[in-house]
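Novice: This is the structure I have questions about; it appears just below.
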Amino acid sequence: MKLLIVSALSGAGKSIALDTLEDCGYYCIDNLPLTLLHDFINHVMIADKKTYAKTAIGIDARNQLESLANFSESLNLIREKGIDCEIIFMQAEESTLLKRYSETRRRHPLTNYNIPLKEALKIEKEMLTPIARHANIIIDTSRTHYHQLRELIRDQVGDRDFRHTSLQFQSFGYKHGVPLDADFVFDARSLPNPYWIPELRSFTGKDQPVADFLKEQPFVAEFFQDICTFLEKWIPRFEAEGRSYLTIAIGCTGGQHRSVYLVDALIKHFQNPLVNVIVRHRELN
């Protein structure tokens with residue numbers, strides 16, 4: 001039996017994730033109180049293993065503080081039942097969450113006359129720390145729109161029953177900030193930059209003229225090989241520790257040329273039937 005616990009800062013995309021998982025065949029329940037989780041597993045999931053073979057439960061800051069603080073104990077009890085339990089946690093930058101609330105005019109569940117929105121976001125983040133600490137997947141949705149998030153959830157969770165691990169390779173630009181959900185970050189800013197060649201500036205790392213230029217640079221090939229050697233050595237170790245998901249981010253200045261080229265090259269190198277490989281070019285989107 002498979003249980004996914006989906007948690008998120010309010011406005012980070014939990015409802016979108018649950019809708020996507022439902023489309024992937026999961027039985028989804030939102031805002032289940034943690035105090036009822038064990039009863040649900042014992043009297044519902046285990047009692048009807050066919051219906052609830054793949055279940056996703058949304059848990060957020062509307063739970064009691066004491067229940068959230070004791071999340072580790074709840075997780076241990078779940079796994080003692082022999083249930084394969086994984087946790088997805090979604091977050092976003094404070095400025096992004098404030099903007100989303102201002103656009104939708106929704107009320108944050110923790111706000112009241114004495115607690116403004118900005119303070120509620122900080123309280124919520126602290127309350128959900130016990131869940132985030134155990135997350136198998138952390139997704140930062142600050143620069144992710146609706147369709148991108150659905151695709152990301154489908155790729156990482158919806159179709160990996162037959163695979164051993166899931167690798168997400170992401171290109172980004174340092175001038176727009178380092179991805180908060182990356183497990184490994186490699187800095188490509190020391191490599192020759194096509195941006196400074198006028199005839200290449202308007203292209204991206206996906207275009208052949210830029211690819212041809214970078215292929216001719218010895219340092220680019222050396223950098224690429226060093227990353228491959230590192231990942232080939234350490235990915236199996238993370239697998240052995242039970243990590244099913246890894247996000248590898250490659251950054252350059254603007255996220256248009258060098259990082260895009262390297263991510264696409266890494267995709268080709270690591271693609272095989274036993275690995276679910278996901279690509280995301282943050283700044284191109």
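Simple scheme: letters A, B, ... for chains in structure tokens order, numbers from 1 for residues in each chain, numbers from 1 for ligands in the order shown.
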Taking a cut-off of 12 Å and counting only C-alpha atoms, can you build a table that, for each residue of region 176-213 of chain A near region 230-240 of chain A, reports the nearest atom pair and how far apart they are in Å (one decimal), sorted by chain then residue number, as CSV?

Specialist:
```
residue,atom,partner,partner_atom,distance
A:Asp183,CA,A:Phe238,CA,11.1
A:Phe184,CA,A:Leu231,CA,9.5
A:Val185,CA,A:Leu231,CA,11.7
A:Phe186,CA,A:Phe230,CA,11.1
```

Novice: I'd like the contact shell of Ile278 (chain A) - 10 Å cut-off, only C-alpha atoms, skipping same-chain residues fewer than 5 positions apart - returned as a list in words.

Specialist: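 Listed by chain and then number, they are Glu151, Leu152, Asp155, Gln156, Ser166, Leu167, Gln168, Phe169, Gln170, Thr247, Ile267 and Gln271 of chain A.
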
Novice: Can you spit out the residues from that selection as a PDB file, in the first residue's frame, using C-alpha atoms?

Specialist:
```pdb
ATOM      1  CA  GLU A 151       3.500  18.197 -14.808  1.00  0.00           C
ATOM      2  CA  LEU A 152       6.100  18.126 -12.035  1.00  0.00           C
ATOM      3  CA  ASP A 155       6.559  13.169 -13.387  1.00  0.00           C
ATOM      4  CA  GLN A 156       7.827  12.706  -9.838  1.00  0.00           C
ATOM      5  CA  SER A 166      13.605   9.996  -9.875  1.00  0.00           C
ATOM      6  CA  LEU A 167      16.122  12.634 -10.973  1.00  0.00           C
ATOM      7  CA  GLN A 168      15.136  16.200 -11.746  1.00  0.00           C
ATOM      8  CA  PHE A 169      17.687  18.285 -13.632  1.00  0.00           C
ATOM      9  CA  GLN A 170      16.991  22.007 -13.496  1.00  0.00           C
ATOM     10  CA  THR A 247      17.033  17.471  -7.721  1.00  0.00           C
ATOM     11  CA  ILE A 267      19.325  14.320 -19.440  1.00  0.00           C
ATOM     12  CA  GLN A 271      18.182   8.606 -19.293  1.00  0.00           C
TER      13      GLN A 271
END
```

Novice: Let me make sure I understand: among A:Thr51, A:Gly177, A:Ile5, A:Gly11, which one has the smallest atom-to-atom distance to Leu37 (chain A) if we use only C-alpha atoms?

Specialist: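 Looking only at the distances to Leu37 (chain A), the closest residue turns out to be A:Ile5.
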
Novice: For the strand (DSSP E) assignment from backbone DSSP, which residues of region 2-160 of chain A qualify? Please present them as a list in words.

Specialist: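 Matching residues for strand (DSSP E) in region 2-160 of chain A are Lys2, Leu3, Leu4, Ile5, Val6, Ser7, Ala8, Tyr27, Cys28, Ile29, Asp30, Lys54, Thr55, Ala56, Ile57, Gly58, Asp84, Cys85, Glu86, Ile87, Ile88, Phe89, Met90, Gln91, Ile137, Ile138, Ile139 and Asp140 of chain A.
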
Novice: Next, the residues of the selection above should be written as a tab-separated table (two decimals), in the first residue's frame with N, CA and C atoms.

Specialist:
```
chain	number	residue	atom	x	y	z
A	2	LYS	N	0.40	2.27	-0.68
A	2	LYS	CA	1.16	3.50	-0.85
A	2	LYS	C	0.39	4.66	-0.25
A	3	LEU	N	1.05	5.41	0.65
A	3	LEU	CA	0.45	6.60	1.25
A	3	LEU	C	1.36	7.79	0.98
A	4	LEU	N	0.80	8.82	0.36
A	4	LEU	CA	1.50	10.08	0.18
A	4	LEU	C	0.90	11.12	1.11
A	5	ILE	N	1.73	11.75	1.91
A	5	ILE	CA	1.30	12.87	2.74
A	5	ILE	C	1.75	14.14	2.04
A	6	VAL	N	0.79	14.99	1.68
A	6	VAL	CA	1.07	16.22	0.95
A	6	VAL	C	0.83	17.39	1.90
A	7	SER	N	1.89	18.16	2.12
A	7	SER	CA	1.78	19.33	2.99
A	7	SER	C	2.42	20.52	2.29
A	8	ALA	N	1.98	21.71	2.66
A	8	ALA	CA	2.48	22.90	1.97
A	8	ALA	C	2.15	24.15	2.77
A	27	TYR	N	-6.46	7.93	-4.26
A	27	TYR	CA	-7.64	8.33	-3.50
A	27	TYR	C	-7.18	9.49	-2.60
A	28	CYS	N	-7.73	10.69	-2.81
A	28	CYS	CA	-7.21	11.88	-2.15
A	28	CYS	C	-8.16	12.42	-1.09
A	29	ILE	N	-7.58	12.81	0.04
A	29	ILE	CA	-8.33	13.41	1.14
A	29	ILE	C	-7.57	14.67	1.57
A	30	ASP	N	-8.26	15.80	1.63
A	30	ASP	CA	-7.60	17.04	2.04
A	30	ASP	C	-7.99	17.40	3.47
A	54	LYS	N	-3.55	3.20	-3.23
A	54	LYS	CA	-2.77	4.43	-3.45
A	54	LYS	C	-3.59	5.59	-2.90
A	55	THR	N	-3.12	6.13	-1.77
A	55	THR	CA	-3.86	7.18	-1.08
A	55	THR	C	-2.96	8.39	-0.86
A	56	ALA	N	-3.53	9.58	-1.04
A	56	ALA	CA	-2.83	10.83	-0.77
A	56	ALA	C	-3.65	11.65	0.22
A	57	ILE	N	-2.99	12.14	1.26
A	57	ILE	CA	-3.67	12.90	2.31
A	57	ILE	C	-3.01	14.26	2.45
A	58	GLY	N	-3.82	15.31	2.39
A	58	GLY	CA	-3.32	16.66	2.58
A	58	GLY	C	-3.37	17.05	4.05
A	84	ASP	N	4.00	1.91	2.75
A	84	ASP	CA	5.03	2.71	2.09
A	84	ASP	C	4.57	4.16	2.11
A	85	CYS	N	5.15	4.96	3.00
A	85	CYS	CA	4.71	6.34	3.20
A	85	CYS	C	5.80	7.32	2.76
A	86	GLU	N	5.43	8.25	1.88
A	86	GLU	CA	6.34	9.30	1.44
A	86	GLU	C	5.67	10.65	1.64
A	87	ILE	N	6.50	11.68	1.75
A	87	ILE	CA	6.00	13.01	2.07
A	87	ILE	C	6.43	14.01	1.01
A	88	ILE	N	5.47	14.77	0.52
A	88	ILE	CA	5.75	15.88	-0.39
A	88	ILE	C	5.48	17.18	0.37
A	89	PHE	N	6.46	18.07	0.36
A	89	PHE	CA	6.26	19.38	1.00
A	89	PHE	C	6.51	20.47	-0.03
A	90	MET	N	5.56	21.41	-0.13
A	90	MET	CA	5.68	22.50	-1.10
A	90	MET	C	5.80	23.83	-0.37
A	91	GLN	N	6.68	24.65	-0.89
A	91	GLN	CA	6.92	25.95	-0.29
A	91	GLN	C	7.08	26.99	-1.39
A	137	ILE	N	10.24	14.74	-0.91
A	137	ILE	CA	10.27	15.69	-2.02
A	137	ILE	C	9.94	17.07	-1.47
A	138	ILE	N	10.79	18.06	-1.76
A	138	ILE	CA	10.50	19.45	-1.44
A	138	ILE	C	10.43	20.20	-2.76
A	139	ILE	N	9.31	20.85	-3.00
A	139	ILE	CA	9.10	21.56	-4.26
A	139	ILE	C	8.91	23.04	-3.96
A	140	ASP	N	9.73	23.87	-4.57
A	140	ASP	CA	9.57	25.31	-4.45
A	140	ASP	C	8.76	25.80	-5.65
```

Novice: Just the residues within 8 Å of region 92-109 of chain A, please, counting only C-alpha atoms, with nothing from its chain fewer than 3 positions along; format it as an MDAnalysis selection string.

Specialist: chainID A and resid 9:12 61:62 117:118 120:121 140:142

Novice: Could you dump the residues just selected with N, CA and C atoms as a short mmCIF file (atom, residue, chain, number, x, y, z; two decimals), in the first residue's frame?

Specialist:
```cif
data_model
loop_
_atom_site.label_atom_id
_atom_site.label_comp_id
_atom_site.auth_asym_id
_atom_site.auth_seq_id
_atom_site.Cartn_x
_atom_site.Cartn_y
_atom_site.Cartn_z
N LEU A 9 2.93 25.18 2.54
CA LEU A 9 2.55 26.50 3.01
C LEU A 9 1.31 26.93 2.24
N SER A 10 0.41 27.61 2.89
CA SER A 10 -0.83 28.03 2.23
C SER A 10 -0.51 28.92 1.04
N GLY A 11 -1.05 28.54 -0.12
CA GLY A 11 -0.78 29.28 -1.34
C GLY A 11 0.34 28.70 -2.17
N ALA A 12 0.98 27.60 -1.69
CA ALA A 12 2.11 27.02 -2.41
C ALA A 12 1.70 25.94 -3.40
N ALA A 61 -1.56 23.55 8.18
CA ALA A 61 -1.44 24.22 9.47
C ALA A 61 -2.76 24.37 10.21
N ARG A 62 -3.86 23.89 9.62
CA ARG A 62 -5.13 23.92 10.34
C ARG A 62 -5.20 22.84 11.41
N LEU A 117 -1.29 38.95 7.69
CA LEU A 117 -0.90 37.89 6.77
C LEU A 117 0.59 37.56 6.87
N LYS A 118 1.44 38.57 6.89
CA LYS A 118 2.89 38.32 6.89
C LYS A 118 3.30 37.55 8.13
N ALA A 120 1.28 35.59 9.87
CA ALA A 120 0.67 34.27 9.76
C ALA A 120 1.53 33.32 8.93
N LEU A 121 2.15 33.84 7.87
CA LEU A 121 3.02 33.01 7.04
C LEU A 121 4.22 32.50 7.84
N ASP A 140 9.73 23.87 -4.57
CA ASP A 140 9.57 25.31 -4.45
C ASP A 140 8.76 25.80 -5.65
N THR A 141 7.60 26.39 -5.38
CA THR A 141 6.70 26.80 -6.46
C THR A 141 6.72 28.29 -6.72
N SER A 142 7.75 28.99 -6.25
CA SER A 142 7.81 30.45 -6.40
C SER A 142 7.70 30.87 -7.86
#
```

Novice: Neighbouring residues of Asn42 (chain A) were defined as those with any atom within 10 Å, considering only C-alpha atoms; residues of the same chain fewer than 5 positions away were excluded. Please report them as a list in words.

Specialist: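 Skipping anything fewer than 5 positions along the chain leaves Leu37, Ala47, Asp48, Ile78 and Lys81 of chain A.
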
Novice: At a cut-off of 9 Å, using only C-alpha atoms, what residues contact Arg258 (chain A)? Leave out same-chain residues fewer than 6 positions from it and give the result as a list in words.

Specialist: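 Within the cut-off, the hits are Ser171, Ala188, Arg189, Leu191, Pro192, Asn193, Pro194, Thr204, Gly205, Val210, Ala211, Leu214, Val220, Ile250, Gly251 and Cys252 of chain A.
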
Novice: Rank nothing, just name the residue among A:Asn114, A:Gln208, A:Gln256, A:Thr20 nearest to Lys175 (chain A), using only C-alpha atoms.

Specialist: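 Smallest distance to Lys175 (chain A) is found for A:Gln256.
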
Novice: How far is it from CA of Gly254 (chain A) to CA of Ala17 (chain A), in Å with one decimal?

Specialist: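 A separation of 28.9 Å between them.
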